[in-house]
Amino acid sequence: MGAAAVLLAGCVVTSVCPFYTAKDVVFEPALLGDWIAETNSAGNEIWKFDQGEDLAYRFTIIKPDTASVMEAHAFKLDGQLFLDVASLEQDYHVIPPHYLLKVNQVAPTLRLSQLDNDWLKDLVTKKPAVIRHHLVKSGDKADDVRVVLTADTSELQKFVRANLKTEGAWADIELRREEWSQNKKE
């Protein structure tokens, strides 16, 4: 789906704090492997989940001309599985952003949702105190703005719980598992 391409693009909601605490972390082995995100551009993206250290995943998005390597932590809030994705690059000049993905289904396809930037931008414009945030310019047009959440982890979790089923709050992403056959390896 084309929605998969928006992860790590300018229109995705990010947070300066993680969405999870150590007690929330789980490991979901069914996520391991390669997943294909069909894009509207030339070629597909591969989302690769490998087991990392402790309960983390090494998460790589492979596009036809680039690859981005990140770390993901699976965690549960009220029984709902999520992924918190952050950069592995530890540059002290940059605060690594955290991306939130809600895991709706793991098999037979991987169905995820991310907070919808337009929905959140409208919400914080109407109700600025709903969650701590900054609006950051992300393009040339006046409405090219993305939301950066500045709330701490407990506030983030309270906000996510309150909006788990809110209509319009989540944008869907669907990926299919890449089945590596002997023919593809040769």
# chains A, B, ... in the order shown; residues from 1 in each chain; ligands from 1
>>> select_by_dssp(residues="segment 114-180 of chain A", states="strand (DSSP E or B)", output="NGL selection string")
:A and (114-116 or 133-137 or 145-149 or 170-177)
>>> residues_around(residues="segment 133-142 of chain A", least_positions_apart="3", cutoff="8 Å", atoms="only C-alpha atoms", output="ChimeraX atom specification")
/A:10-11,121,145-151
>>> select_by_dssp(residues="chain A", states="helix (DSSP H, G or I)", output="VMD selection string")
chain A and resid 2 to 6 22 to 24 29 to 31 117 to 126 128 to 130 153 to 162 182 to 185
>>> write_last_selection(atoms="C-alpha atoms", output="mmCIF file, in the first residue's frame")
data_model
loop_
_atom_site.group_PDB
_atom_site.id
_atom_site.type_symbol
_atom_site.label_atom_id
_atom_site.label_comp_id
_atom_site.auth_asym_id
_atom_site.auth_seq_id
_atom_site.Cartn_x
_atom_site.Cartn_y
_atom_site.Cartn_z
ATOM 1 C CA GLY A 2 1.145 3.556 -0.596
ATOM 2 C CA ALA A 3 0.572 4.398 3.062
ATOM 3 C CA ALA A 4 3.640 2.372 4.000
ATOM 4 C CA ALA A 5 5.840 4.885 2.251
ATOM 5 C CA VAL A 6 4.817 7.658 4.636
ATOM 6 C CA ALA A 22 10.344 -1.414 30.337
ATOM 7 C CA LYS A 23 7.392 -3.183 32.012
ATOM 8 C CA ASP A 24 5.310 -2.837 28.813
ATOM 9 C CA PRO A 29 8.182 -13.768 17.240
ATOM 10 C CA ALA A 30 5.545 -13.678 14.467
ATOM 11 C CA LEU A 31 6.861 -10.247 13.439
ATOM 12 C CA ASN A 117 -0.854 13.470 11.284
ATOM 13 C CA ASP A 118 -3.793 15.407 9.771
ATOM 14 C CA TRP A 119 -6.199 14.131 12.427
ATOM 15 C CA LEU A 120 -3.758 14.995 15.218
ATOM 16 C CA LYS A 121 -2.931 18.390 13.714
ATOM 17 C CA ASP A 122 -6.657 19.250 13.644
ATOM 18 C CA LEU A 123 -7.107 18.003 17.213
ATOM 19 C CA VAL A 124 -4.213 19.992 18.713
ATOM 20 C CA THR A 125 -5.241 23.096 16.746
ATOM 21 C CA LYS A 126 -8.731 22.919 18.299
ATOM 22 C CA PRO A 128 -3.938 22.628 22.262
ATOM 23 C CA ALA A 129 -3.884 21.281 25.841
ATOM 24 C CA VAL A 130 -4.955 17.740 24.843
ATOM 25 C CA THR A 153 5.799 8.462 28.286
ATOM 26 C CA SER A 154 2.953 8.287 30.803
ATOM 27 C CA GLU A 155 1.112 11.155 29.058
ATOM 28 C CA LEU A 156 1.695 9.528 25.662
ATOM 29 C CA GLN A 157 0.245 6.247 26.889
ATOM 30 C CA LYS A 158 -2.799 7.985 28.382
ATOM 31 C CA PHE A 159 -3.384 9.775 25.060
ATOM 32 C CA VAL A 160 -2.977 6.576 23.004
ATOM 33 C CA ARG A 161 -5.362 4.651 25.282
ATOM 34 C CA ALA A 162 -7.952 7.442 25.003
ATOM 35 C CA GLN A 182 14.865 -21.718 -3.038
ATOM 36 C CA ASN A 183 14.399 -20.151 -6.498
ATOM 37 C CA LYS A 184 14.657 -16.610 -5.121
ATOM 38 C CA LYS A 185 17.898 -17.408 -3.332
#
>>> residues_around(residues="segment 61-66 of chain A", least_positions_apart="6", cutoff="6 Å", atoms="only C-alpha atoms", output="ChimeraX atom specification")
/A:45-47
>>> write_last_selection(atoms="N, CA and C atoms", output="CSV table (one decimal), in the first residue's frame")
chain,number,residue,atom,x,y,z
A,45,GLU,N,8.7,-1.7,-1.0
A,45,GLU,CA,9.6,-1.6,0.1
A,45,GLU,C,9.6,-2.9,0.8
A,46,ILE,N,10.7,-3.3,1.4
A,46,ILE,CA,10.8,-4.5,2.3
A,46,ILE,C,10.9,-4.0,3.7
A,47,TRP,N,10.1,-4.4,4.6
A,47,TRP,CA,10.2,-4.1,6.0
A,47,TRP,C,10.7,-5.4,6.7
>>> residues_around(residues="Val25 of chain A", least_positions_apart="3", cutoff="9 Å", atoms="only C-alpha atoms", output="PDB file with N, CA and C atoms, in the first residue's frame")
ATOM      1  N   TYR A  20       6.693   3.580  25.339  1.00  0.00           N
ATOM      2  CA  TYR A  20       6.650   2.402  26.205  1.00  0.00           C
ATOM      3  C   TYR A  20       7.560   2.572  27.409  1.00  0.00           C
ATOM      4  N   THR A  21       7.293   1.768  28.436  1.00  0.00           N
ATOM      5  CA  THR A  21       8.202   1.640  29.568  1.00  0.00           C
ATOM      6  C   THR A  21       8.723   0.201  29.550  1.00  0.00           C
ATOM      7  N   ALA A  22       9.749  -0.076  30.321  1.00  0.00           N
ATOM      8  CA  ALA A  22      10.344  -1.414  30.337  1.00  0.00           C
ATOM      9  C   ALA A  22       9.318  -2.485  30.707  1.00  0.00           C
ATOM     10  N   LEU A  55      14.908  -7.565  24.134  1.00  0.00           N
ATOM     11  CA  LEU A  55      13.603  -7.809  23.523  1.00  0.00           C
ATOM     12  C   LEU A  55      13.350  -6.901  22.325  1.00  0.00           C
ATOM     13  N   ALA A  56      14.389  -6.317  21.795  1.00  0.00           N
ATOM     14  CA  ALA A  56      14.243  -5.383  20.672  1.00  0.00           C
ATOM     15  C   ALA A  56      14.318  -6.111  19.334  1.00  0.00           C
ATOM     16  N   HIS A  73      10.685  -1.690  19.463  1.00  0.00           N
ATOM     17  CA  HIS A  73      10.289  -2.409  20.672  1.00  0.00           C
ATOM     18  C   HIS A  73       8.794  -2.673  20.600  1.00  0.00           C
ATOM     19  N   ALA A  74       8.415  -3.932  20.732  1.00  0.00           N
ATOM     20  CA  ALA A  74       7.000  -4.285  20.815  1.00  0.00           C
ATOM     21  C   ALA A  74       6.579  -4.104  22.269  1.00  0.00           C
ATOM     22  N   PHE A  75       5.374  -3.587  22.448  1.00  0.00           N
ATOM     23  CA  PHE A  75       4.859  -3.413  23.805  1.00  0.00           C
ATOM     24  C   PHE A  75       3.342  -3.475  23.755  1.00  0.00           C
ATOM     25  N   LYS A  76       2.755  -3.714  24.921  1.00  0.00           N
ATOM     26  CA  LYS A  76       1.300  -3.792  25.000  1.00  0.00           C
ATOM     27  C   LYS A  76       0.763  -2.752  25.963  1.00  0.00           C
TER      28      LYS A  76
END
>>> closest_residue(among="A:Trp170, A:Ala86, A:Trp35, A:Pro18", to="Ala107 of chain A", atoms="only C-alpha atoms")
A:Trp35
>>> closest_residue(among="A:Leu112, A:Leu164, A:Glu174, A:Leu101", to="Gly79 of chain A", atoms="only C-alpha atoms")
A:Leu164
>>> atom_distance(atom1="atom CA of Phe82 of chain A", atom2="atom CA of His98 of chain A")
12.3 Å
>>> residues_around(residues="Thr109 of chain A", least_positions_apart="6", cutoff="8 Å", atoms="only C-alpha atoms", output="VMD selection string")
chain A and resid 174 to 177
>>> atom_distance(atom1="atom CA of Ala72 of chain A", atom2="atom CA of Asp84 of chain A")
5.4 Å
>>> closest_residue(among="A:Leu81, A:Gly52, A:Ser15, A:Lys165", to="Val106 of chain A", atoms="only C-alpha atoms")
A:Leu81
